[in-house]
Amino acid sequence: MDTLLQQLINGLTLGAVYALVALGYTMVYGIIGLINFAHGEVVMIGTMVAFTVIVSLAGSGMPPLLILGIGLLVAVLACMILGWALERVAYRPLRHAPRLTPLITAIGMSIVLQNVAMIIWGRNYITFPPMINKEIFEVGGASFTNVQVAIVCLAALVMLGLTYLVQRTRIGMAMRATAQNPHVALLMGVDINRVIAMAFIIGSALGALAGCMVGSYYEIAHYQMGFMLGLKAFTAAVLGGIGNMAGAMAGGLLLGIIEALGAGYIGDLTGDFLGSHYQDIFAFVVLIIVLMFRPSGLFGERTGDRA
Amino acid sequence: MNLPRKKFPFWQQHWLGLLLLATALLAVPFVAAMGGQAWVRIANFAILYVFLALGLNIVVGYAGLLDLGYVAFYAVGAYAYALLASPHFGIHLPFWVILPFGAALACLFGVLLGAPTLKLRGDYLAIVTLGFGEIIRIFMNNLNAPINVTNGAQGITLIDPIRIGDFSFSQTSTILGVTLSGPQKYYFLLVALAILVIVVNMRLQDSRIGRAWQAIREDEVAAKACGINTRNIKLLAFAMGASFGGIAGGVFAAMQGFVSPESFSLMESITILAMVVLGGMGHIPGVILGAVLLTALPEALRYGIEPIQQAAFGRMIIDPESLRMLVFGLALVLVMRFRPAGLWPSSLRRRELAEATD
């Protein structure tokens, strides 16, 4: 029982991070139908920038929470610029190209960003300085830290804010219109280019936030960390129905919980035949099973039959 | 006078070009050997990738099914060969038993992947195939306990080379007065295999099946309405692409003498896909060009970047390995930016694209 609760808590933390990254994928996909393969790298850059800022401010005598806040802010701003630049350089010129072309540029940008990060931050793991004094809470035999609480609360707040932005503001309405039909949206006076750029910018900001969360949760960062994280988050977005924001949030949480439970119970389930290093398999197995029965994801609408 | 022009077979129309090409292909291993056997190996890998890219071209280029886990089939073929011809299990079967077996096994995996994903469209299919590739890789990495099947991350070593009677492909020998090293012999084997896959690709393209694939690629519902059995035809594309991947994997294992899960990462799938798209999807010469370029470019950069940095700054400023990948990534972006349909697209594609932009 205590394992169950413990794994649920860990899964929730991880799921909150997946959900934030998945939102970045799904917003871009919903509007222009592109898998932004470089998004995982944006998350990684966010972590690295936050790391640099925090380390360089650590000796300045400022209160730790302020330093953390500044690091977060700088990372978010840097990633917003990066997201905007990515769209401008790699995707906008190819908007009418064959479908696979922007996929290859996305992969190219992902390789570029990874190696730029390696040149700047080196190829070793870097330890993220802990800025919050860790407190451990115990509930019913399971333990969790204040960092985990902060991650889940912050993620929930951001998701609420995003929902408000998309459902209630003008730019949100423009986004929904563009997602439904870009041509008609254009006729209604929506500046499509601005909307698409906004999707990239908001998605990247969420990514930077998620990156900082991962950094302070695991207290470690690496130039290749964005790859697997991006992959999982993308899986989460597809699980929920890609292009659907509520789906991305639910898919992220679900994936995090499934993974944590899977890692906790796989040994018992298979009589110790498969160990916990099979953790990464769960995401994909669940994805394949879900898509077999619901080909457009859990919350996805049935799209037309033309691919 | 409008006599119908007699249509000559392909080889009669292009006999001069083919002759030149054959001479060039014959010369490559000897020219490359002047720079050292390493260059022959690079040439071998270029051809192996031509083989792989053309196999993937059947799935992505012809049938329009975006497969991001193609390397799984390559891995299945390689591990099939490695397990059946190495001291790991003490089994040493000859290659002409294992290669067809590996192809059949990869084909089975192709159908296994294809069957549950038939209903999926576009990008949903992409992520499932990607997940499938990762699952295969994770199993190869971890199937060393409790029963040691794949030897985990260490991989399998001492794999038998391809051998016909006493003629081993791994040793230097003299045939008709010409001395051939191991890699040079593999080169000719690979060229033979590549020609096989090119002929299969060409014949498929204009066949009933090829046109069915094209119809599915353009509009699946319309294809179905025209009486095409979309389920079987899509499965056939998966199975065929997978079989080629399996054969390539077997040859890879024999040539290297060593396999490990590291060779079958997602990046490998992506590189093969990049070869197909960068060259010109669905167009055989384009795909070949893409494969050769993307194999040669990183190697050329490997030899080019160090001296250039030395000359410009007098010392190494940036880690050459990451700079090499950086240039590789930039090249992908730039090529796609300025030639969105690929470097050498088919004339049909080019026309479609021109119409779309009007």
# chains A, B, ... in the order shown; residues from 1 in each chain; ligands from 1
>>> residues_around(residues="Gly246 of chain B", least_positions_apart="4", cutoff="6 Å", atoms="only C-alpha atoms", output="PyMOL selection string")
chain B and resi 73-74+77+102-103+106
>>> interface_residues(of="chain A", to="chain B", cutoff="6 Å", atoms="only C-alpha atoms", output="PyMOL selection string")
chain A and resi 97+101+105+108+111-112+115+281+284+292+295+307
>>> write_last_selection(atoms="C-alpha atoms", output="CSV table (one decimal), in the first residue's frame")
chain,number,residue,atom,x,y,z
A,97,ALA,CA,6.6,22.4,-48.4
A,101,THR,CA,10.3,18.5,-45.0
A,105,THR,CA,14.5,20.6,-40.4
A,108,GLY,CA,18.3,19.2,-37.9
A,111,ILE,CA,20.9,18.1,-33.5
A,112,VAL,CA,22.2,21.7,-33.8
A,115,ASN,CA,25.7,20.2,-29.9
A,281,ILE,CA,9.0,0.5,-22.2
A,284,PHE,CA,5.4,3.0,-25.5
A,292,MET,CA,-5.1,0.3,-31.1
A,295,PRO,CA,-6.7,5.6,-33.1
A,307,ALA,CA,-3.6,12.0,-43.7
>>> select_by_dssp(residues="segment 39-219 of chain A", states="helix (DSSP H, G or I)", output="PyMOL selection string")
chain A and resi 39-60+64-94+100-121+146-168+170-180+182-187+192-218
>>> closest_residue(among="A:Val149, A:Val190, A:Leu206, A:Ile126", to="Ala75 of chain A", atoms="only C-alpha atoms")
A:Leu206
>>> residues_around(residues="Pro129 of chain A", least_positions_apart="5", cutoff="10 Å", atoms="only C-alpha atoms", output="list in words")
Phe51, Ile54, Val55, Ala58, Leu68, Gly215, Ser216, Glu219 and Ile220 of chain A
>>> residues_around(residues="segment 133-145 of chain A", least_positions_apart="2", cutoff="9 Å", atoms="only C-alpha atoms", output="mmCIF file with N, CA and C atoms, in the first residue's frame")
data_model
loop_
_atom_site.group_PDB
_atom_site.id
_atom_site.type_symbol
_atom_site.label_atom_id
_atom_site.label_comp_id
_atom_site.auth_asym_id
_atom_site.auth_seq_id
_atom_site.Cartn_x
_atom_site.Cartn_y
_atom_site.Cartn_z
ATOM 1 N N MET A 1 0.829 -1.205 0.000
ATOM 2 C CA MET A 1 0.000 0.000 0.000
ATOM 3 C C MET A 1 0.865 1.258 0.000
ATOM 4 N N ASP A 2 1.901 1.247 0.861
ATOM 5 C CA ASP A 2 2.737 2.441 0.894
ATOM 6 C C ASP A 2 3.503 2.607 -0.415
ATOM 7 N N THR A 3 3.834 1.473 -1.084
ATOM 8 C CA THR A 3 4.486 1.608 -2.382
ATOM 9 C C THR A 3 3.530 2.275 -3.349
ATOM 10 N N LEU A 4 2.281 1.835 -3.332
ATOM 11 C CA LEU A 4 1.297 2.387 -4.259
ATOM 12 C C LEU A 4 1.209 3.904 -4.103
ATOM 13 N N LEU A 5 1.044 4.353 -2.867
ATOM 14 C CA LEU A 5 0.914 5.780 -2.614
ATOM 15 C C LEU A 5 2.186 6.513 -3.034
ATOM 16 N N GLN A 6 3.326 5.910 -2.646
ATOM 17 C CA GLN A 6 4.609 6.519 -2.978
ATOM 18 C C GLN A 6 4.762 6.682 -4.492
ATOM 19 N N GLN A 7 4.441 5.620 -5.216
ATOM 20 C CA GLN A 7 4.604 5.682 -6.670
ATOM 21 C C GLN A 7 3.608 6.658 -7.284
ATOM 22 N N ILE A 9 2.572 9.407 -5.919
ATOM 23 C CA ILE A 9 3.093 10.754 -5.685
ATOM 24 C C ILE A 9 4.228 11.059 -6.656
ATOM 25 N N ASN A 10 5.154 10.106 -6.793
ATOM 26 C CA ASN A 10 6.257 10.311 -7.730
ATOM 27 C C ASN A 10 5.737 10.465 -9.154
ATOM 28 N N PRO A 130 21.002 22.927 -5.239
ATOM 29 C CA PRO A 130 19.706 22.955 -4.563
ATOM 30 C C PRO A 130 19.489 24.320 -3.921
ATOM 31 N N MET A 131 18.428 24.996 -4.323
ATOM 32 C CA MET A 131 18.176 26.349 -3.833
ATOM 33 C C MET A 131 17.138 26.361 -2.725
ATOM 34 N N VAL A 147 9.819 20.222 -2.705
ATOM 35 C CA VAL A 147 10.086 20.476 -4.117
ATOM 36 C C VAL A 147 8.991 19.862 -4.973
ATOM 37 N N GLN A 148 8.614 18.634 -4.613
ATOM 38 C CA GLN A 148 7.547 17.972 -5.376
ATOM 39 C C GLN A 148 6.238 18.741 -5.277
ATOM 40 N N VAL A 149 5.943 19.214 -4.068
ATOM 41 C CA VAL A 149 4.710 19.991 -3.884
ATOM 42 C C VAL A 149 4.752 21.238 -4.757
ATOM 43 N N ALA A 150 5.909 21.919 -4.745
ATOM 44 C CA ALA A 150 6.037 23.144 -5.532
ATOM 45 C C ALA A 150 5.851 22.852 -7.013
#
>>> atom_distance(atom1="atom CA of Ala221 of chain A", atom2="atom CA of Tyr29 of chain A")
27.2 Å
>>> residues_around(residues="segment 12-17 of chain A", least_positions_apart="2", cutoff="9 Å", atoms="only C-alpha atoms", output="PyMOL selection string")
chain A and resi 7-10+19-22+148-149+151-152+155-156+207+209-211+213-214+217+233+249-257+259-260
>>> residues_around(residues="Ala242 of chain B", least_positions_apart="4", cutoff="9 Å", atoms="only C-alpha atoms", output="ChimeraX atom specification")
/B:55-56,59,70,72-74,103-111,237-238,246-247
>>> atom_distance(atom1="atom CA of Leu83 of chain B", atom2="atom CA of Leu158 of chain B")
10.6 Å
>>> select_by_dssp(residues="segment 68-268 of chain A", states="strand (DSSP E)", output="list in words")
Ile126, Thr127, Ile136, Phe137, Glu138, Val139, Ala142, Ser143, Phe144, Thr145, Ile220 and Ala221 of chain A
>>> decode(residues="segment 204-267 of chain B", atoms="C-alpha atoms", output="compact mmCIF listing (two decimals), in the first residue's frame")
# COMPACT_ATOMS: atom_id res chain seq x y z
CA LEU B 204 7.91 -2.39 -57.70
CA GLN B 205 7.47 1.25 -58.60
CA ASP B 206 5.57 0.59 -61.80
CA SER B 207 3.92 -2.62 -60.73
CA ARG B 208 0.32 -3.11 -59.68
CA ILE B 209 1.46 -3.07 -56.06
CA GLY B 210 3.54 0.05 -56.56
CA ARG B 211 0.61 1.93 -58.04
CA ALA B 212 -1.61 0.71 -55.22
CA TRP B 213 0.90 2.12 -52.72
CA GLN B 214 0.93 5.41 -54.57
CA ALA B 215 -2.86 5.52 -54.51
CA ILE B 216 -2.87 4.89 -50.75
CA ARG B 217 -0.26 7.59 -50.27
CA GLU B 218 -2.32 10.16 -52.13
CA ASP B 219 -5.74 9.30 -50.70
CA GLU B 220 -6.47 6.19 -48.74
CA VAL B 221 -10.25 6.41 -48.89
CA ALA B 222 -10.26 6.86 -52.66
CA ALA B 223 -7.83 3.96 -52.99
CA LYS B 224 -10.15 1.77 -50.99
CA ALA B 225 -13.09 2.85 -53.11
CA CYS B 226 -11.16 1.80 -56.20
CA GLY B 227 -11.04 -1.74 -54.90
CA ILE B 228 -7.57 -1.79 -53.41
CA ASN B 229 -7.27 -4.02 -50.38
CA THR B 230 -5.60 -1.31 -48.32
CA ARG B 231 -5.00 -3.57 -45.33
CA ASN B 232 -2.97 -6.17 -47.22
CA ILE B 233 -1.18 -3.64 -49.37
CA LYS B 234 -0.07 -1.59 -46.36
CA LEU B 235 1.06 -4.71 -44.53
CA LEU B 236 2.99 -5.71 -47.63
CA ALA B 237 4.83 -2.38 -47.58
CA PHE B 238 5.78 -2.87 -43.95
CA ALA B 239 6.82 -6.48 -44.52
CA MET B 240 8.91 -5.68 -47.54
CA GLY B 241 10.69 -2.71 -46.00
CA ALA B 242 11.35 -4.77 -42.87
CA SER B 243 12.82 -7.70 -44.83
CA PHE B 244 15.34 -5.41 -46.48
CA GLY B 245 16.20 -3.98 -43.08
CA GLY B 246 16.72 -7.53 -41.79
CA ILE B 247 19.10 -8.44 -44.61
CA ALA B 248 21.07 -5.22 -44.11
CA GLY B 249 21.31 -6.00 -40.41
CA GLY B 250 22.70 -9.47 -41.10
CA VAL B 251 25.35 -8.12 -43.44
CA PHE B 252 26.19 -5.38 -40.92
CA ALA B 253 26.72 -7.96 -38.15
CA ALA B 254 28.93 -10.13 -40.35
CA MET B 255 30.95 -7.19 -41.62
CA GLN B 256 31.56 -5.65 -38.19
CA GLY B 257 31.92 -8.90 -36.27
CA PHE B 258 30.26 -7.09 -33.39
CA VAL B 259 26.78 -5.83 -32.54
CA SER B 260 25.52 -3.85 -29.56
CA PRO B 261 22.28 -1.98 -28.86
CA GLU B 262 24.14 1.30 -29.32
CA SER B 263 24.13 0.84 -33.09
CA PHE B 264 20.34 0.78 -33.18
CA SER B 265 19.35 4.01 -31.48
CA LEU B 266 16.52 6.26 -32.57
CA MET B 267 19.10 8.60 -34.09
